[in-house]
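Q: First the structure, then my questions, so here it is.
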Amino acid sequence: MRRREAPPAANEAPRHRMIVLARPLRTGFLTTLGVLLAVAVGVAVSNLSTVFIYLLFAVFLALAIEPVVKWCSRRGISRPWAIVIVFVGVFIVLGAILGFAIPILVGQIAQFAQSVPTLIDDFSSSSLFHTLEGIFGAGLEGLLGDLQGFVADPANIAAIGGGALKVGVSVATGISGAIIVLVLTLYFVASLPTIKTAMYSLAPARNRPRLADMTEQITDAVGGYTAGMVTLAFFNAVFTGILYFVLGLPFPPLMIAAAFLLTLIPLIGSVLLWAIGSLLALFASPLDALIFAVAYLVYMQVEAYVLTPRVMNRAVSVPGSLVVIGALIGGTLLGLLGALIAVPVTASALLIIKQIWVPRQDALV
């Protein structure tokens, strides 16, 4: 029989047992191998970050296009033909917009670069400049002179972009990335029902109807959110163009394009447009810049309290605080793409919490 050890006495110090590894060499080797494997996985994920961003962008676009494809299917058009019609329509619209806008924007950008010295000279002779010079001192004139000299030298502009070679590589990378995203989007849209069915099969049979319903709600939310963002950006571009044309400010087509692109960015897009538009107008006319700044601030309030609830509440219903938090987290993790997908991802998380987590908690009595 095994002898049982008597428990230690009350006044006896506790005995510490030493852990002795039976095979220390093998244990150390396996531990080192595990650490190296974790480092290799981390490096691989870091190197493949661009691929993951392409995949996320393509999935987001596919979910955004899916409601349009479903709308065509409900009109009696087969899904393959609906996909063809939607993509052909997108290509036609994009081609028309780019064919019309690119020559105008290129001319506007070139004209803007040539007009910067004149704008600075006009601003230097304005009463506002003399008022600011009285506040900040004579160094303000030297600062404007340095800015004018910097802009007048094309080499400095090239240096900002990292040189002609780096700019060319960036353009080529952007074009190839756009083609990859487009091909992936087409693939995801074409195979989305198959992907959904495969995903449903991973869940227990009793949960598949609820999973299918939630997936459809999430898909509709992403599509509605994307359509809402494009609609709000269009309203911003129209309002900015009207202001610039009515006030006679320079480069209206350039500002219309900037308004549409910038206001697609959640939260900070409108603020960036307000700052850029007011600054550009300031060089032309301080009074017109003030009018633009006040008018756009009023429009931002109308958009926040009238347009956005009407456009977005039909697609996603997310509290404002969660929109801010989600956009900050998404922007920090994935940049612009993260900020774009933050709201639908937050809406999806809220949907899962409301339909799965809350009922389970309510059932615990």
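Going by the structure tokens order, chains are called A, B, ..., each with residues numbered from 1, while ligands are numbered from 1 in the order shown.
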Might you pull out every residue within 9 Å of Ile53 of chain A, with only C-alpha atoms counted and same-chain residues fewer than 5 positions away left off, and present them as a list in words?
A: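 The neighbour list is Leu48, Ala58, Leu334 and Leu337 of chain A.
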Q: Would you save the residues from that selection as a compact mmCIF listing (two decimals), in the first residue's frame, using C-alpha atoms?
A:
```
# COMPACT_ATOMS: atom_id res chain seq x y z
CA LEU A 48 -0.56 40.05 -47.21
CA ALA A 58 -14.40 43.60 -53.11
CA LEU A 334 -7.82 49.87 -42.16
CA LEU A 337 -11.68 51.39 -46.15
```
Q: Please report as a tab-separated table every residue of segment 200-233 of chain A lying within 12 Å of segment 298-306 of chain A, along with the nearest atom pair and their distance in Å (one decimal), using only C-alpha atoms.
A:
```
residue	atom	partner	partner_atom	distance
A:Met229	CA	A:Glu303	CA	11.8
A:Thr231	CA	A:Glu303	CA	11.3
A:Leu232	CA	A:Glu303	CA	8.0
A:Ala233	CA	A:Glu303	CA	10.5
```
Q: With only C-alpha atoms as the atoms that count, which of A:Ala64, A:Ala198, A:Asn236, A:Leu272 lies nearest to Phe260 of chain A?
A: A:Asn236
Q: Counting only C-alpha atoms, which of A:Tyr200, A:Phe292, A:Phe87, A:Phe29 gets nearest to Leu186 of chain A?
A: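 Under the stated criterion, the closest residue is A:Phe87.
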Q: Quick one: of A:Ala190, A:Leu261, A:Gly34, A:Ala284, who's nearest to Val86 of chain A, counting only C-alpha atoms?
A: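 Going through A:Ala190, A:Leu261, A:Gly34, A:Ala284 one by one, the smallest distance to Val86 of chain A is for A:Ala190.
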Q: What's the separation between atom CA of Ile291 of chain A and atom CA of Pro253 of chain A, in Å to one decimal place?
A: 19.1 Å
Q: One decimal, in Å: what's the spacing between atom CA of Ala227 of chain A and atom CA of Leu267 of chain A?
A: 16.7 Å
Q: Which is closest to Pro67 of chain A among A:Gly223, A:Gly89, A:Pro359, A:Pro286, if we use only C-alpha atoms?
A: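 Between A:Gly223, A:Gly89, A:Pro359, A:Pro286, the residue approaching Pro67 of chain A most closely is A:Gly223.
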